[in-house]
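**Q** Take a look at this one; I'll ask things after.
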Amino acid sequence: MSTALAAPKGAAAAAAQKSRRRSTNAMRGGSPLIYFIALIVIALSLGPVLYGVISGFRKNGDLILNPSGMPNPWILDNYVGVFKNPQFWTYTGNSVAIAVITTSLVVVCGVMAAYPLARYQFRGREGLFTVFVAGLLFPATVGVIPLFILIRDLGLSNTWWGIALPQAAYALPLTVVILRPFLQAIPNELEEAAQLDGASRLGFFWRVLLPLSGPGLITTGVLAFVGSWNAYMLPLLLLQSDNKTLPLGVADYSAEHSTDIAGVFAFTSVAMIPALIFFLAMQKRIVSGLQGAVKG
């Protein structure tokens with residue numbers, strides 16, 4: 001009797017173990033449906049980019065006759081024309097300068113704002129952090145007119161700083177939200193040990209806390225740089241003539257050379273590729289930084 005009861009129990013245990021193995025293998029390998037959906041998303045995301053890049057190697061006549069065809073022959077004249085265009089380098093230089101200034105302000109001011117919110121205990125700390133969180137809900141379009149008047153009154157219109165300062169202010173809430181968990185996750189024992197060795201709080205901040213918060217700083221820096229590079233609305237309102245950024249240059253070039261379709265594709269592709277390559281090169285650091293923020 002006991003043998004008869006043991007047999008069904010053993011069979012049930014074996015079946016449960018097989019089910020667990022199947023589920024584990026499915027989780028490791030992934031469902032075919034998930035891969036199919038991922039491929040569709042990738043195609044929809046990269047399809048327009050690849051189409052624009054490839055179309056830059058074609059002639060205008062070929063694009064009109066066969067918009068979906070491949071280049072035959074492949075020509076480099078459109079891309080060579082972009083690199084020989086002095087306005088392209090002017091727009092690129094402005095975009096790089098504004099992005100570097102914005103990124104520097106975001107990282108420096110963000111970590112200095114997140115440090116007391118993460119490591120200090122004072123009344124109203126959580127309320128102050130809530131203000132930064134609420135800043136994520138503030139759309140940039142709401143403050144465009146007051147911001148335009150303020151920048152004009154400060155004499156910063158048509159300057160790099162007139163764009164970098166507002167962009168950094170809009171990026172600060174996300175920066176503080178990401179960096180605060182990193183700073184909170186650092187054990188208090190490290191700070192106590194540093195104080196025993198004679199380090200001040202400022203010394204602990206520079207020598208210990210900042211190096212350990214590297215992934216978070218890189219994440220916020222990359223996001224700020226890419227956001228500044230792709231910004232359009234603020235530069236459109238505050239910049240003029242030769243101080244325009246690359247997105248504005250793409251719009252101006254498209255309007256001035258509307259009949260040169262292949263040239264517009266080439267100009268747009270070249271303007272888009274640097275930020276795309278930079279983001280793809282840093283995506284692992286961004287993911288690890290965001291994971292650290294969630295864990296913290």
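Following the order of the structure tokens, first chain is A, next is B, and so on, with residues numbered from 1 inside each chain and ligands from 1 in the order they appear.
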I'd like to know which residues of stretch 60-206 of chain A are helix (DSSP H, G or I) (by DSSP, run on the backbone); could you write them as a PyMOL selection string?
**A** chain A and resi 60-65+77-84+86-119+125-135+140-153+160-185+188-196+201-206
**Q** Mind dumping the selected residues with C-alpha atoms as an mmCIF file, in the first residue's frame?
**A**
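Dumped everything to selection_1.cif:
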data_model
loop_
_atom_site.group_PDB
_atom_site.id
_atom_site.type_symbol
_atom_site.label_atom_id
_atom_site.label_comp_id
_atom_site.auth_asym_id
_atom_site.auth_seq_id
_atom_site.Cartn_x
_atom_site.Cartn_y
_atom_site.Cartn_z
ATOM 1 C CA ASN A 60 17.434 62.502 -57.041
ATOM 2 C CA GLY A 61 16.149 60.990 -60.265
ATOM 3 C CA ASP A 62 16.454 57.462 -58.902
ATOM 4 C CA LEU A 63 14.613 58.463 -55.726
ATOM 5 C CA ILE A 64 11.734 59.913 -57.729
ATOM 6 C CA LEU A 65 11.444 56.947 -60.085
ATOM 7 C CA ASP A 77 28.615 63.108 -53.834
ATOM 8 C CA ASN A 78 25.786 63.894 -51.407
ATOM 9 C CA TYR A 79 27.818 63.048 -48.300
ATOM 10 C CA VAL A 80 30.930 64.738 -49.653
ATOM 11 C CA GLY A 81 28.826 67.852 -50.223
ATOM 12 C CA VAL A 82 27.664 67.775 -46.615
ATOM 13 C CA PHE A 83 31.203 67.564 -45.244
ATOM 14 C CA LYS A 84 32.350 70.354 -47.550
ATOM 15 C CA PRO A 86 30.955 75.138 -43.916
ATOM 16 C CA GLN A 87 27.541 75.714 -42.356
ATOM 17 C CA PHE A 88 27.402 72.058 -41.343
ATOM 18 C CA TRP A 89 30.557 72.412 -39.262
ATOM 19 C CA THR A 90 29.291 75.660 -37.756
ATOM 20 C CA TYR A 91 26.055 73.980 -36.690
ATOM 21 C CA THR A 92 27.977 70.977 -35.377
ATOM 22 C CA GLY A 93 30.348 73.128 -33.360
ATOM 23 C CA ASN A 94 27.443 74.996 -31.775
ATOM 24 C CA SER A 95 25.671 71.739 -30.903
ATOM 25 C CA VAL A 96 28.814 70.244 -29.367
ATOM 26 C CA ALA A 97 29.570 73.360 -27.313
ATOM 27 C CA ILE A 98 26.020 73.683 -25.986
ATOM 28 C CA ALA A 99 25.815 69.947 -25.236
ATOM 29 C CA VAL A 100 29.125 69.970 -23.337
ATOM 30 C CA ILE A 101 28.130 73.024 -21.281
ATOM 31 C CA THR A 102 24.699 71.543 -20.548
ATOM 32 C CA THR A 103 26.138 68.162 -19.556
ATOM 33 C CA SER A 104 28.735 69.735 -17.266
ATOM 34 C CA LEU A 105 26.120 71.860 -15.517
ATOM 35 C CA VAL A 106 23.721 68.944 -15.149
ATOM 36 C CA VAL A 107 26.285 66.550 -13.672
ATOM 37 C CA VAL A 108 27.943 69.055 -11.327
ATOM 38 C CA CYS A 109 24.774 70.738 -10.068
ATOM 39 C CA GLY A 110 22.843 67.474 -10.004
ATOM 40 C CA VAL A 111 25.277 65.587 -7.810
ATOM 41 C CA MET A 112 25.645 68.592 -5.498
ATOM 42 C CA ALA A 113 21.852 68.787 -5.126
ATOM 43 C CA ALA A 114 21.441 65.028 -4.674
ATOM 44 C CA TYR A 115 24.193 64.738 -2.051
ATOM 45 C CA PRO A 116 22.423 66.526 0.842
ATOM 46 C CA LEU A 117 19.101 64.951 -0.130
ATOM 47 C CA ALA A 118 20.693 61.515 0.139
ATOM 48 C CA ARG A 119 23.206 61.794 2.999
ATOM 49 C CA ARG A 125 14.193 66.815 3.084
ATOM 50 C CA GLU A 126 11.531 64.583 1.560
ATOM 51 C CA GLY A 127 9.383 67.578 0.697
ATOM 52 C CA LEU A 128 12.305 69.165 -1.137
ATOM 53 C CA PHE A 129 12.924 65.921 -3.010
ATOM 54 C CA THR A 130 9.238 65.867 -3.964
ATOM 55 C CA VAL A 131 9.740 69.253 -5.608
ATOM 56 C CA PHE A 132 12.401 67.720 -7.872
ATOM 57 C CA VAL A 133 10.124 64.788 -8.643
ATOM 58 C CA ALA A 134 7.320 67.200 -9.516
ATOM 59 C CA GLY A 135 9.731 68.911 -11.901
ATOM 60 C CA ALA A 140 8.952 72.774 -21.215
ATOM 61 C CA THR A 141 6.332 74.361 -23.444
ATOM 62 C CA VAL A 142 4.555 75.926 -20.444
ATOM 63 C CA GLY A 143 7.515 78.133 -19.557
ATOM 64 C CA VAL A 144 8.632 79.064 -23.051
ATOM 65 C CA ILE A 145 7.358 82.647 -23.088
ATOM 66 C CA PRO A 146 8.562 83.612 -19.567
ATOM 67 C CA LEU A 147 11.868 81.877 -20.275
ATOM 68 C CA PHE A 148 12.282 83.784 -23.531
ATOM 69 C CA ILE A 149 11.668 87.099 -21.747
ATOM 70 C CA LEU A 150 14.055 86.194 -18.910
ATOM 71 C CA ILE A 151 16.880 85.153 -21.227
ATOM 72 C CA ARG A 152 16.389 88.308 -23.274
ATOM 73 C CA ASP A 153 16.484 90.551 -20.195
ATOM 74 C CA TRP A 160 25.426 79.222 -25.938
ATOM 75 C CA TRP A 161 24.793 79.924 -22.264
ATOM 76 C CA GLY A 162 21.309 81.173 -23.011
ATOM 77 C CA ILE A 163 20.462 77.666 -24.264
ATOM 78 C CA ALA A 164 22.612 75.594 -21.910
ATOM 79 C CA LEU A 165 21.269 77.105 -18.679
ATOM 80 C CA PRO A 166 17.558 76.385 -19.378
ATOM 81 C CA GLN A 167 18.357 72.927 -20.724
ATOM 82 C CA ALA A 168 20.337 72.123 -17.592
ATOM 83 C CA ALA A 169 17.489 73.368 -15.411
ATOM 84 C CA TYR A 170 14.996 71.125 -17.192
ATOM 85 C CA ALA A 171 17.366 68.139 -16.883
ATOM 86 C CA LEU A 172 18.099 68.603 -13.153
ATOM 87 C CA PRO A 173 14.961 66.863 -11.786
ATOM 88 C CA LEU A 174 15.712 63.610 -13.607
ATOM 89 C CA THR A 175 19.370 63.870 -12.606
ATOM 90 C CA VAL A 176 18.540 64.217 -8.910
ATOM 91 C CA VAL A 177 16.019 61.377 -9.068
ATOM 92 C CA ILE A 178 18.633 59.068 -10.610
ATOM 93 C CA LEU A 179 21.605 60.086 -8.454
ATOM 94 C CA ARG A 180 19.922 60.114 -5.047
ATOM 95 C CA PRO A 181 19.562 56.300 -4.775
ATOM 96 C CA PHE A 182 23.230 55.888 -5.752
ATOM 97 C CA LEU A 183 24.354 58.180 -2.977
ATOM 98 C CA GLN A 184 21.990 56.597 -0.470
ATOM 99 C CA ALA A 185 23.247 53.090 -1.278
ATOM 100 C CA ASN A 188 27.442 54.826 6.259
ATOM 101 C CA GLU A 189 30.383 52.799 7.567
ATOM 102 C CA LEU A 190 32.518 54.182 4.739
ATOM 103 C CA GLU A 191 31.716 57.739 5.745
ATOM 104 C CA GLU A 192 32.423 56.976 9.395
ATOM 105 C CA ALA A 193 35.750 55.362 8.499
ATOM 106 C CA ALA A 194 36.683 58.362 6.368
ATOM 107 C CA GLN A 195 35.847 60.727 9.223
ATOM 108 C CA LEU A 196 38.006 58.661 11.580
ATOM 109 C CA ARG A 201 32.348 65.640 4.631
ATOM 110 C CA LEU A 202 33.569 67.513 1.606
ATOM 111 C CA GLY A 203 36.634 65.279 1.416
ATOM 112 C CA PHE A 204 34.441 62.192 1.672
ATOM 113 C CA PHE A 205 32.286 63.625 -1.111
ATOM 114 C CA TRP A 206 35.210 64.128 -3.503
#
**Q** To one decimal in Å, tell me the separation between atom CA of A:Val250 and atom CA of A:Val222.
**A**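 Rounded to one decimal, the two atoms are 22.4 Å apart.
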**Q** Using only C-alpha atoms, which residues sit within 12 Å of A:Ser254 once same-chain residues fewer than 3 positions away are excluded, as a PyMOL selection string?
**A** chain A and resi 247-251+257-268
**Q** Put those residues in a file: all heavy atoms, as a compact mmCIF listing (two decimals), in the first residue's frame.
**A**
# COMPACT_ATOMS: atom_id res chain seq x y z
N PRO A 247 20.12 70.51 -35.24
CA PRO A 247 18.73 70.28 -35.62
C PRO A 247 18.10 71.45 -36.38
O PRO A 247 17.35 71.24 -37.34
CB PRO A 247 18.03 70.06 -34.27
CG PRO A 247 19.09 69.52 -33.38
CD PRO A 247 20.33 70.23 -33.81
N LEU A 248 18.43 72.67 -35.98
CA LEU A 248 17.94 73.83 -36.72
C LEU A 248 18.59 73.91 -38.09
O LEU A 248 17.95 74.31 -39.08
CB LEU A 248 18.23 75.11 -35.94
CG LEU A 248 17.57 75.26 -34.57
CD1 LEU A 248 17.95 76.60 -33.95
CD2 LEU A 248 16.06 75.13 -34.68
N GLY A 249 19.85 73.51 -38.16
CA GLY A 249 20.53 73.50 -39.46
C GLY A 249 19.90 72.50 -40.42
O GLY A 249 19.79 72.77 -41.62
N VAL A 250 19.47 71.35 -39.89
CA VAL A 250 18.79 70.37 -40.74
C VAL A 250 17.49 70.95 -41.29
O VAL A 250 17.17 70.78 -42.48
CB VAL A 250 18.52 69.09 -39.94
CG1 VAL A 250 17.61 68.15 -40.72
CG2 VAL A 250 19.82 68.39 -39.59
N ALA A 251 16.74 71.64 -40.43
CA ALA A 251 15.48 72.25 -40.88
C ALA A 251 15.74 73.33 -41.94
O ALA A 251 15.03 73.40 -42.95
CB ALA A 251 14.73 72.83 -39.69
N HIS A 257 16.96 73.52 -49.67
CA HIS A 257 17.29 72.57 -50.73
C HIS A 257 16.18 71.51 -50.83
O HIS A 257 16.45 70.31 -50.85
CB HIS A 257 18.64 71.90 -50.46
CG HIS A 257 19.77 72.85 -50.31
ND1 HIS A 257 20.04 73.52 -49.13
CD2 HIS A 257 20.73 73.27 -51.20
CE1 HIS A 257 21.10 74.27 -49.29
NE2 HIS A 257 21.54 74.15 -50.53
N SER A 258 14.95 71.98 -50.88
CA SER A 258 13.83 71.05 -50.89
C SER A 258 13.81 70.18 -52.15
O SER A 258 13.27 69.07 -52.12
CB SER A 258 12.51 71.82 -50.78
OG SER A 258 12.39 72.78 -51.83
N THR A 259 14.37 70.68 -53.24
CA THR A 259 14.40 69.87 -54.47
C THR A 259 15.52 68.84 -54.47
O THR A 259 15.47 67.87 -55.23
CB THR A 259 14.56 70.79 -55.68
OG1 THR A 259 15.76 71.57 -55.55
CG2 THR A 259 13.38 71.75 -55.80
N ASP A 260 16.53 69.05 -53.64
CA ASP A 260 17.66 68.11 -53.56
C ASP A 260 17.33 67.06 -52.48
O ASP A 260 17.84 67.13 -51.36
CB ASP A 260 18.95 68.86 -53.23
CG ASP A 260 20.17 67.95 -53.27
OD1 ASP A 260 20.05 66.79 -53.72
OD2 ASP A 260 21.24 68.38 -52.81
N ILE A 261 16.50 66.11 -52.83
CA ILE A 261 16.00 65.14 -51.85
C ILE A 261 17.14 64.28 -51.30
O ILE A 261 17.26 64.06 -50.09
CB ILE A 261 14.91 64.25 -52.47
CG1 ILE A 261 13.78 65.12 -53.04
CG2 ILE A 261 14.36 63.27 -51.45
CD1 ILE A 261 12.73 64.31 -53.79
N ALA A 262 17.98 63.79 -52.18
CA ALA A 262 19.09 62.94 -51.75
C ALA A 262 20.06 63.72 -50.86
O ALA A 262 20.58 63.19 -49.87
CB ALA A 262 19.83 62.38 -52.96
N GLY A 263 20.30 64.99 -51.18
CA GLY A 263 21.17 65.81 -50.34
C GLY A 263 20.58 66.04 -48.96
O GLY A 263 21.30 66.05 -47.96
N VAL A 264 19.27 66.22 -48.90
CA VAL A 264 18.61 66.39 -47.60
C VAL A 264 18.74 65.11 -46.78
O VAL A 264 18.99 65.16 -45.56
CB VAL A 264 17.13 66.77 -47.81
CG1 VAL A 264 16.38 66.73 -46.48
CG2 VAL A 264 17.03 68.16 -48.44
N PHE A 265 18.57 63.96 -47.42
CA PHE A 265 18.74 62.68 -46.71
C PHE A 265 20.16 62.56 -46.17
O PHE A 265 20.38 62.13 -45.03
CB PHE A 265 18.43 61.51 -47.64
CG PHE A 265 16.99 61.13 -47.69
CD1 PHE A 265 16.29 61.12 -48.89
CD2 PHE A 265 16.31 60.78 -46.53
CE1 PHE A 265 14.95 60.77 -48.94
CE2 PHE A 265 14.96 60.43 -46.56
CZ PHE A 265 14.28 60.42 -47.78
N ALA A 266 21.14 62.94 -46.97
CA ALA A 266 22.54 62.84 -46.54
C ALA A 266 22.81 63.79 -45.37
O ALA A 266 23.45 63.41 -44.38
CB ALA A 266 23.47 63.15 -47.71
N PHE A 267 22.33 65.02 -45.46
CA PHE A 267 22.54 65.99 -44.40
C PHE A 267 21.89 65.52 -43.10
O PHE A 267 22.48 65.60 -42.02
CB PHE A 267 21.97 67.35 -44.82
CG PHE A 267 22.46 68.50 -44.00
CD1 PHE A 267 23.49 69.30 -44.46
CD2 PHE A 267 21.89 68.79 -42.77
CE1 PHE A 267 23.94 70.37 -43.71
CE2 PHE A 267 22.34 69.85 -42.00
CZ PHE A 267 23.38 70.65 -42.47
N THR A 268 20.67 65.02 -43.21
CA THR A 268 19.95 64.54 -42.02
C THR A 268 20.66 63.34 -41.40
O THR A 268 20.77 63.23 -40.17
CB THR A 268 18.51 64.16 -42.40
OG1 THR A 268 17.88 65.28 -43.02
CG2 THR A 268 17.72 63.77 -41.17
**Q** How far is it from atom CA of A:Leu280 to atom CA of A:Ser213, in Å with one decimal?
**A**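 Computing it gives 21.3 Å between the two atoms.
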**Q** So the first atom is atom CA of A:Pro71 and the second is atom CA of A:Tyr51; what is the distance between them in Å, to one decimal place?
**A**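 Pair atom CA of A:Pro71 / atom CA of A:Tyr51 returns 10.9 Å.
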**Q** Would you pick out the contacts of A:Val49 at 12 Å or less, using only C-alpha atoms, so that residues sharing its chain but fewer than 6 positions from it are not included, and give the list as a JSON list (two decimals) with N, CA, C and O atoms, in the first residue's frame?
**A**
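Written file, selection-v8.json:
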[["chain", "number", "residue", "atom", "x", "y", "z"],
["A", 42, "ILE", "N", 12.37, 46.58, -33.63],
["A", 42, "ILE", "CA", 13.68, 46.99, -34.16],
["A", 42, "ILE", "C", 13.54, 47.48, -35.61],
["A", 42, "ILE", "O", 14.13, 48.49, -36.01],
["A", 43, "ALA", "N", 12.73, 46.75, -36.39],
["A", 43, "ALA", "CA", 12.54, 47.16, -37.79],
["A", 43, "ALA", "C", 11.87, 48.52, -37.88],
["A", 43, "ALA", "O", 12.26, 49.37, -38.70],
["A", 55, "SER", "N", 19.41, 56.26, -48.75],
["A", 55, "SER", "CA", 18.94, 57.20, -49.76],
["A", 55, "SER", "C", 19.94, 58.30, -50.03],
["A", 55, "SER", "O", 19.94, 58.91, -51.10],
["A", 56, "GLY", "N", 20.81, 58.59, -49.06],
["A", 56, "GLY", "CA", 21.85, 59.58, -49.28],
["A", 56, "GLY", "C", 22.87, 59.16, -50.30],
["A", 56, "GLY", "O", 23.63, 60.01, -50.80],
["A", 265, "PHE", "N", 18.57, 63.96, -47.42],
["A", 265, "PHE", "CA", 18.74, 62.68, -46.71],
["A", 265, "PHE", "C", 20.16, 62.56, -46.17],
["A", 265, "PHE", "O", 20.38, 62.13, -45.03],
["A", 266, "ALA", "N", 21.14, 62.94, -46.97],
["A", 266, "ALA", "CA", 22.54, 62.84, -46.54],
["A", 266, "ALA", "C", 22.81, 63.79, -45.37],
["A", 266, "ALA", "O", 23.45, 63.41, -44.38],
["A", 268, "THR", "N", 20.67, 65.02, -43.21],
["A", 268, "THR", "CA", 19.95, 64.54, -42.02],
["A", 268, "THR", "C", 20.66, 63.34, -41.40],
["A", 268, "THR", "O", 20.77, 63.23, -40.17],
["A", 269, "SER", "N", 21.14, 62.43, -42.24],
["A", 269, "SER", "CA", 21.80, 61.22, -41.73],
["A", 269, "SER", "C", 23.09, 61.57, -40.98],
["A", 269, "SER", "O", 23.35, 61.06, -39.90],
["A", 270, "VAL", "N", 23.88, 62.45, -41.58],
["A", 270, "VAL", "CA", 25.14, 62.84, -40.94],
["A", 270, "VAL", "C", 24.88, 63.57, -39.62],
["A", 270, "VAL", "O", 25.61, 63.39, -38.64],
["A", 271, "ALA", "N", 23.81, 64.38, -39.58],
["A", 271, "ALA", "CA", 23.48, 65.10, -38.35],
["A", 271, "ALA", "C", 22.97, 64.16, -37.27],
["A", 271, "ALA", "O", 23.13, 64.43, -36.08],
["A", 272, "MET", "N", 22.38, 63.05, -37.65],
["A", 272, "MET", "CA", 21.77, 62.13, -36.70],
["A", 272, "MET", "C", 22.74, 61.08, -36.19],
["A", 272, "MET", "O", 22.67, 60.65, -35.03],
["A", 273, "ILE", "N", 23.69, 60.68, -37.02],
["A", 273, "ILE", "CA", 24.55, 59.55, -36.69],
["A", 273, "ILE", "C", 25.43, 59.79, -35.46],
["A", 273, "ILE", "O", 25.59, 58.87, -34.64],
["A", 276, "LEU", "N", 23.49, 59.11, -32.35],
["A", 276, "LEU", "CA", 23.08, 57.70, -32.34],
["A", 276, "LEU", "C", 24.24, 56.80, -31.94],
["A", 276, "LEU", "O", 24.09, 55.90, -31.10]]
**Q** Can you tell me, as JSON, numbers by chain, what residues are no more than 7 Å from A:Leu238 when counting only C-alpha atoms, ignoring any on the same chain fewer than 2 positions away?
**A** {"A": [157, 158, 234, 235, 236, 240]}
**Q** Save the residues we just selected, N, CA, C and O atoms, as a PDB file, in the first residue's frame?
**A**
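Contents of the output file out-v4.pdb:
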ATOM      1  N   SER A 157      20.409  86.138 -25.018  1.00  0.00           N
ATOM      2  CA  SER A 157      19.802  85.700 -26.274  1.00  0.00           C
ATOM      3  C   SER A 157      20.881  85.472 -27.330  1.00  0.00           C
ATOM      4  O   SER A 157      21.866  86.214 -27.412  1.00  0.00           O
ATOM      5  N   ASN A 158      20.682  84.436 -28.130  1.00  0.00           N
ATOM      6  CA  ASN A 158      21.597  84.104 -29.218  1.00  0.00           C
ATOM      7  C   ASN A 158      23.002  83.780 -28.709  1.00  0.00           C
ATOM      8  O   ASN A 158      24.010  84.113 -29.344  1.00  0.00           O
ATOM      9  N   LEU A 234      13.900  75.177 -27.739  1.00  0.00           N
ATOM     10  CA  LEU A 234      14.618  76.301 -27.143  1.00  0.00           C
ATOM     11  C   LEU A 234      15.610  76.936 -28.129  1.00  0.00           C
ATOM     12  O   LEU A 234      15.647  78.172 -28.244  1.00  0.00           O
ATOM     13  N   PRO A 235      16.428  76.158 -28.842  1.00  0.00           N
ATOM     14  CA  PRO A 235      17.289  76.812 -29.837  1.00  0.00           C
ATOM     15  C   PRO A 235      16.512  77.553 -30.906  1.00  0.00           C
ATOM     16  O   PRO A 235      16.969  78.594 -31.399  1.00  0.00           O
ATOM     17  N   LEU A 236      15.349  77.050 -31.278  1.00  0.00           N
ATOM     18  CA  LEU A 236      14.548  77.726 -32.297  1.00  0.00           C
ATOM     19  C   LEU A 236      14.110  79.106 -31.825  1.00  0.00           C
ATOM     20  O   LEU A 236      14.074  80.066 -32.610  1.00  0.00           O
ATOM     21  N   GLN A 240      19.868  82.503 -33.366  1.00  0.00           N
ATOM     22  CA  GLN A 240      19.698  83.076 -34.693  1.00  0.00           C
ATOM     23  C   GLN A 240      20.994  82.922 -35.487  1.00  0.00           C
ATOM     24  O   GLN A 240      22.073  82.691 -34.909  1.00  0.00           O
TER      25      GLN A 240
END
**Q** What's around A:Phe57 at 6 Å? Count only C-alpha atoms, leave out sequence neighbours fewer than 6 positions away in its own chain, and write the answer as a list of chain:residue names.
**A**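 The residues satisfying every condition are A:Trp74, A:Ile75, A:Leu76.
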**Q** The selected residues should be written to file as a compact mmCIF listing (two decimals), in the first residue's frame (atoms: C-alpha atoms).
**A**
# COMPACT_ATOMS: atom_id res chain seq x y z
CA TRP A 74 26.28 54.01 -55.08
CA ILE A 75 27.47 57.62 -55.10
CA LEU A 76 29.26 59.64 -52.42
**Q** Using only C-alpha atoms, which of the listed residues (A:Leu33, A:Val53, A:Asn85, A:Pro274) sits closest to A:Tyr253?
**A**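 Of the candidates, the smallest distance to A:Tyr253 is held by A:Asn85.
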